[in-house]
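Participant: Handing you a structure now.
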Amino acid sequence: GRSIIVSSVNRAGQVSVMRGLGARVSADRRLITLFLSRRQSEAVLAAVLETGVVAVVFAEPISNLALQIKGHNGRVRPIDDGDWAAVVE
């Protein structure tokens with residue numbers, strides 16, 4: 001399987017980390033939508049709302065391949081009905 005780890009930092013410099021449930025890349029590859037459990041990811045989501053800073057690591061442990069992406073304009077929004085297919089069970 002694959003692993004998705006999402007992190008952010010608040011204005012006080014406190015880092016929060018949480019496992020992602022899924023991701024979707026836009027057709028033009030300029031936007032990545034990450035899916036997190038709101039209940040389990042409160043600190044990460046609060047930090048993204050506060051600073052917009054977000055980092056994600058996509059890893060495939062069996063091959064040791066990993067990709068890290070960082071951004072500074074993260075936003076938080078509710079999941080849409082069409083997003084459920086991108087959420088990993």
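Chain labels follow the order of the structure tokens: the first chain is A, the next B, and so on; residue numbering restarts at 1 in every chain, and ligands are counted from 1 in their shown order.
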Show me, as a PyMOL selection string, the residues that have an atom within 6 Å of Gly52 (chain A) when counting only C-alpha atoms, minus same-chain residues fewer than 5 positions from it.

Facilitator: chain A and resi 72-74

Participant: Would you mind exporting C-alpha atoms of the selected residues as a CSV table (one decimal), in the first residue's frame?

Facilitator:
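Produced file selection-v3.csv, reproduced below:
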chain,number,residue,atom,x,y,z
A,72,HIS,CA,2.1,27.9,1.5
A,73,ASN,CA,-1.5,28.5,0.3
A,74,GLY,CA,-3.3,25.6,1.9

Participant: Considering only strand (DSSP E or B) as DSSP defines it on the backbone, what residues of chain A qualify? List them as a ChimeraX atom specification.

Facilitator: /A:3-9,15-19,22-25,32-35,54-60,65-71,87

Participant: Quick one: residues within 8 Å of region 77-89 of chain A, only C-alpha atoms counted, chain neighbours fewer than 3 positions away excluded, as a list in words?

Facilitator: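 Once the nearby chain positions are removed, what remains is Leu21, Gly22, Ala23, Arg24 and Phe35 of chain A.
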
Participant: Please identify all polymer residues within 6 Å of region 39-44 of chain A, counting only C-alpha atoms, omitting same-chain residues fewer than 3 positions from it, and present them as a PyMOL selection string.

Facilitator: chain A and resi 8+16+47

Participant: Which residues are close to region 57-66 of chain A, i.e. within 10 Å by only C-alpha atoms, leaving aside same-chain residues fewer than 6 positions away? Reply as a list in words.

Facilitator: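 Returned residues: Gly1, Arg2, Ser3, Ile4, Ile5, Val6, Ser7, Arg19, Gly20, Gly22 and Ala23 of chain A.
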
Participant: Just the residues within 8 Å of Asn10 (chain A), please, counting only C-alpha atoms, with nothing from its chain fewer than 2 positions along; format it as a list in words.

Facilitator: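 With the cut-off at 8 Å, the set is Ser8, Ala12, Gly13, Gln14, Val15, Ala46, Ala47, Val48, Glu50 and Thr51 of chain A.
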
Participant: With all heavy atoms retained, write the just-selected residues as a tab-separated table (two decimals), in the first residue's frame.

Facilitator:
chain	number	residue	atom	x	y	z
A	8	SER	N	1.55	20.49	9.08
A	8	SER	CA	1.46	21.94	9.01
A	8	SER	C	2.11	22.50	10.27
A	8	SER	O	2.46	21.76	11.19
A	8	SER	CB	0.01	22.40	8.91
A	8	SER	OG	-0.05	23.80	8.67
A	12	ALA	N	2.93	29.80	16.18
A	12	ALA	CA	3.82	29.61	17.33
A	12	ALA	C	4.95	28.64	17.00
A	12	ALA	O	5.82	28.39	17.84
A	12	ALA	CB	3.03	29.11	18.53
A	13	GLY	N	4.95	28.07	15.79
A	13	GLY	CA	5.99	27.15	15.38
A	13	GLY	C	5.75	25.71	15.77
A	13	GLY	O	6.64	24.87	15.63
A	14	GLN	N	4.56	25.41	16.25
A	14	GLN	CA	4.22	24.04	16.64
A	14	GLN	C	3.81	23.24	15.40
A	14	GLN	O	2.90	23.64	14.67
A	14	GLN	CB	3.08	24.02	17.65
A	14	GLN	CG	3.45	24.69	18.96
A	14	GLN	CD	2.24	24.89	19.84
A	14	GLN	OE1	1.19	25.32	19.37
A	14	GLN	NE2	2.40	24.57	21.11
A	15	VAL	N	4.49	22.13	15.18
A	15	VAL	CA	4.23	21.28	14.02
A	15	VAL	C	3.19	20.23	14.40
A	15	VAL	O	3.23	19.66	15.48
A	15	VAL	CB	5.53	20.59	13.57
A	15	VAL	CG1	5.25	19.61	12.42
A	15	VAL	CG2	6.56	21.62	13.14
A	46	ALA	N	-6.30	23.21	11.90
A	46	ALA	CA	-6.23	24.54	12.51
A	46	ALA	C	-4.97	25.28	12.07
A	46	ALA	O	-5.01	26.49	11.78
A	46	ALA	CB	-6.28	24.42	14.03
A	47	ALA	N	-3.85	24.56	11.99
A	47	ALA	CA	-2.60	25.19	11.56
A	47	ALA	C	-2.67	25.63	10.10
A	47	ALA	O	-2.21	26.72	9.74
A	47	ALA	CB	-1.43	24.25	11.78
A	48	VAL	N	-3.28	24.81	9.24
A	48	VAL	CA	-3.44	25.19	7.83
A	48	VAL	C	-4.31	26.43	7.72
A	48	VAL	O	-4.00	27.36	6.97
A	48	VAL	CB	-4.02	24.03	6.99
A	48	VAL	CG1	-4.39	24.50	5.59
A	48	VAL	CG2	-3.03	22.87	6.92
A	50	GLU	N	-4.66	28.73	9.92
A	50	GLU	CA	-3.92	29.86	10.51
A	50	GLU	C	-2.79	30.37	9.62
A	50	GLU	O	-2.60	31.57	9.49
A	50	GLU	CB	-3.36	29.42	11.86
A	50	GLU	CG	-2.74	30.53	12.67
A	50	GLU	CD	-2.30	30.03	14.03
A	50	GLU	OE1	-3.09	29.37	14.73
A	50	GLU	OE2	-1.14	30.30	14.39
A	51	THR	N	-2.04	29.44	9.00
A	51	THR	CA	-0.83	29.85	8.28
A	51	THR	C	-0.85	29.55	6.78
A	51	THR	O	-0.06	30.13	6.03
A	51	THR	CB	0.42	29.15	8.86
A	51	THR	OG1	0.30	27.74	8.63
A	51	THR	CG2	0.58	29.45	10.34

Participant: Would you mind reading off the distance between CA of Gly71 (chain A) and CA of Thr33 (chain A), one decimal, in Å?

Facilitator: 11.8 Å

Participant: If DSSP is run on the backbone, what residues of chain A are helix (DSSP H, G or I)? A reply as a PyMOL selection string would be ideal.

Facilitator: chain A and resi 42-51+81-86

Participant: Could you write out that same residue set with all heavy atoms as a JSON list (two decimals), in the first residue's frame?

Facilitator:
[["chain", "number", "residue", "atom", "x", "y", "z"],
["A", 42, "GLU", "N", -7.59, 17.74, 13.91],
["A", 42, "GLU", "CA", -7.94, 19.10, 14.30],
["A", 42, "GLU", "C", -6.73, 20.04, 14.34],
["A", 42, "GLU", "O", -6.81, 21.17, 13.87],
["A", 42, "GLU", "CB", -8.65, 19.10, 15.65],
["A", 42, "GLU", "CG", -10.03, 18.50, 15.60],
["A", 42, "GLU", "CD", -10.72, 18.45, 16.95],
["A", 42, "GLU", "OE1", -10.12, 18.89, 17.95],
["A", 42, "GLU", "OE2", -11.85, 17.95, 16.99],
["A", 43, "ALA", "N", -5.61, 19.58, 14.90],
["A", 43, "ALA", "CA", -4.43, 20.45, 15.01],
["A", 43, "ALA", "C", -3.85, 20.79, 13.64],
["A", 43, "ALA", "O", -3.47, 21.94, 13.38],
["A", 43, "ALA", "CB", -3.37, 19.80, 15.91],
["A", 44, "VAL", "N", -3.77, 19.80, 12.75],
["A", 44, "VAL", "CA", -3.25, 20.05, 11.41],
["A", 44, "VAL", "C", -4.16, 21.03, 10.66],
["A", 44, "VAL", "O", -3.69, 22.01, 10.07],
["A", 44, "VAL", "CB", -3.11, 18.73, 10.60],
["A", 44, "VAL", "CG1", -2.76, 19.03, 9.15],
["A", 44, "VAL", "CG2", -2.07, 17.84, 11.22],
["A", 45, "LEU", "N", -5.45, 20.79, 10.71],
["A", 45, "LEU", "CA", -6.40, 21.66, 10.01],
["A", 45, "LEU", "C", -6.39, 23.07, 10.57],
["A", 45, "LEU", "O", -6.42, 24.05, 9.80],
["A", 45, "LEU", "CB", -7.80, 21.06, 10.07],
["A", 45, "LEU", "CG", -7.97, 19.71, 9.35],
["A", 45, "LEU", "CD1", -9.34, 19.12, 9.64],
["A", 45, "LEU", "CD2", -7.72, 19.85, 7.86],
["A", 46, "ALA", "N", -6.30, 23.21, 11.90],
["A", 46, "ALA", "CA", -6.23, 24.54, 12.51],
["A", 46, "ALA", "C", -4.97, 25.28, 12.07],
["A", 46, "ALA", "O", -5.01, 26.49, 11.78],
["A", 46, "ALA", "CB", -6.28, 24.42, 14.03],
["A", 47, "ALA", "N", -3.85, 24.56, 11.99],
["A", 47, "ALA", "CA", -2.60, 25.19, 11.56],
["A", 47, "ALA", "C", -2.67, 25.63, 10.10],
["A", 47, "ALA", "O", -2.21, 26.72, 9.74],
["A", 47, "ALA", "CB", -1.43, 24.25, 11.78],
["A", 48, "VAL", "N", -3.28, 24.81, 9.24],
["A", 48, "VAL", "CA", -3.44, 25.19, 7.83],
["A", 48, "VAL", "C", -4.31, 26.43, 7.72],
["A", 48, "VAL", "O", -4.00, 27.36, 6.97],
["A", 48, "VAL", "CB", -4.02, 24.03, 6.99],
["A", 48, "VAL", "CG1", -4.39, 24.50, 5.59],
["A", 48, "VAL", "CG2", -3.03, 22.87, 6.92],
["A", 49, "LEU", "N", -5.41, 26.47, 8.47],
["A", 49, "LEU", "CA", -6.27, 27.65, 8.47],
["A", 49, "LEU", "C", -5.53, 28.89, 8.94],
["A", 49, "LEU", "O", -5.73, 29.99, 8.42],
["A", 49, "LEU", "CB", -7.50, 27.42, 9.35],
["A", 49, "LEU", "CG", -8.59, 26.53, 8.76],
["A", 49, "LEU", "CD1", -9.61, 26.18, 9.84],
["A", 49, "LEU", "CD2", -9.26, 27.22, 7.59],
["A", 50, "GLU", "N", -4.66, 28.73, 9.92],
["A", 50, "GLU", "CA", -3.92, 29.86, 10.51],
["A", 50, "GLU", "C", -2.79, 30.37, 9.62],
["A", 50, "GLU", "O", -2.60, 31.57, 9.49],
["A", 50, "GLU", "CB", -3.36, 29.42, 11.86],
["A", 50, "GLU", "CG", -2.74, 30.53, 12.67],
["A", 50, "GLU", "CD", -2.30, 30.03, 14.03],
["A", 50, "GLU", "OE1", -3.09, 29.37, 14.73],
["A", 50, "GLU", "OE2", -1.14, 30.30, 14.39],
["A", 51, "THR", "N", -2.04, 29.44, 9.00],
["A", 51, "THR", "CA", -0.83, 29.85, 8.28],
["A", 51, "THR", "C", -0.85, 29.55, 6.78],
["A", 51, "THR", "O", -0.06, 30.13, 6.03],
["A", 51, "THR", "CB", 0.42, 29.15, 8.86],
["A", 51, "THR", "OG1", 0.30, 27.74, 8.63],
["A", 51, "THR", "CG2", 0.58, 29.45, 10.34],
["A", 81, "ASP", "N", -19.41, 15.35, -2.32],
["A", 81, "ASP", "CA", -19.86, 13.99, -2.64],
["A", 81, "ASP", "C", -18.95, 13.32, -3.66],
["A", 81, "ASP", "O", -18.66, 12.14, -3.56],
["A", 81, "ASP", "CB", -21.30, 14.01, -3.16],
["A", 81, "ASP", "CG", -22.31, 14.28, -2.07],
["A", 81, "ASP", "OD1", -21.96, 14.10, -0.88],
["A", 81, "ASP", "OD2", -23.43, 14.68, -2.39],
["A", 82, "GLY", "N", -18.47, 14.07, -4.64],
["A", 82, "GLY", "CA", -17.61, 13.51, -5.68],
["A", 82, "GLY", "C", -16.20, 13.17, -5.21],
["A", 82, "GLY", "O", -15.43, 12.56, -5.95],
["A", 83, "ASP", "N", -15.84, 13.57, -3.98],
["A", 83, "ASP", "CA", -14.49, 13.34, -3.48],
["A", 83, "ASP", "C", -14.30, 11.96, -2.87],
["A", 83, "ASP", "O", -13.17, 11.49, -2.72],
["A", 83, "ASP", "CB", -14.14, 14.37, -2.38],
["A", 83, "ASP", "CG", -14.00, 15.77, -2.93],
["A", 83, "ASP", "OD1", -13.63, 15.93, -4.11],
["A", 83, "ASP", "OD2", -14.24, 16.71, -2.15],
["A", 84, "TRP", "N", -15.37, 11.29, -2.51],
["A", 84, "TRP", "CA", -15.26, 10.04, -1.76],
["A", 84, "TRP", "C", -14.45, 8.98, -2.48],
["A", 84, "TRP", "O", -13.79, 8.15, -1.85],
["A", 84, "TRP", "CB", -16.63, 9.51, -1.36],
["A", 84, "TRP", "CG", -17.24, 10.34, -0.27],
["A", 84, "TRP", "CD1", -18.27, 11.24, -0.41],
["A", 84, "TRP", "CD2", -16.84, 10.39, 1.09],
["A", 84, "TRP", "NE1", -18.52, 11.84, 0.80],
["A", 84, "TRP", "CE2", -17.67, 11.34, 1.74],
["A", 84, "TRP", "CE3", -15.87, 9.74, 1.84],
["A", 84, "TRP", "CZ2", -17.55, 11.64, 3.09],
["A", 84, "TRP", "CZ3", -15.74, 10.04, 3.18],
["A", 84, "TRP", "CH2", -16.57, 10.98, 3.79],
["A", 85, "ALA", "N", -14.44, 8.98, -3.80],
["A", 85, "ALA", "CA", -13.70, 7.97, -4.56],
["A", 85, "ALA", "C", -12.20, 8.09, -4.33],
["A", 85, "ALA", "O", -11.47, 7.11, -4.49],
["A", 85, "ALA", "CB", -14.01, 8.09, -6.05],
["A", 86, "ALA", "N", -11.71, 9.27, -3.94],
["A", 86, "ALA", "CA", -10.27, 9.48, -3.72],
["A", 86, "ALA", "C", -9.85, 9.13, -2.31],
["A", 86, "ALA", "O", -8.66, 9.13, -1.99],
["A", 86, "ALA", "CB", -9.90, 10.93, -4.02]]

Participant: Please measure the separation of CA of Val17 (chain A) and CA of Lys70 (chain A), giving the value in Å to one decimal.

Facilitator: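 A separation of 13.5 Å between them.
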
Participant: Work out how far CA of Val25 (chain A) is from CA of Val53 (chain A), in Å to one decimal.

Facilitator: 18.0 Å
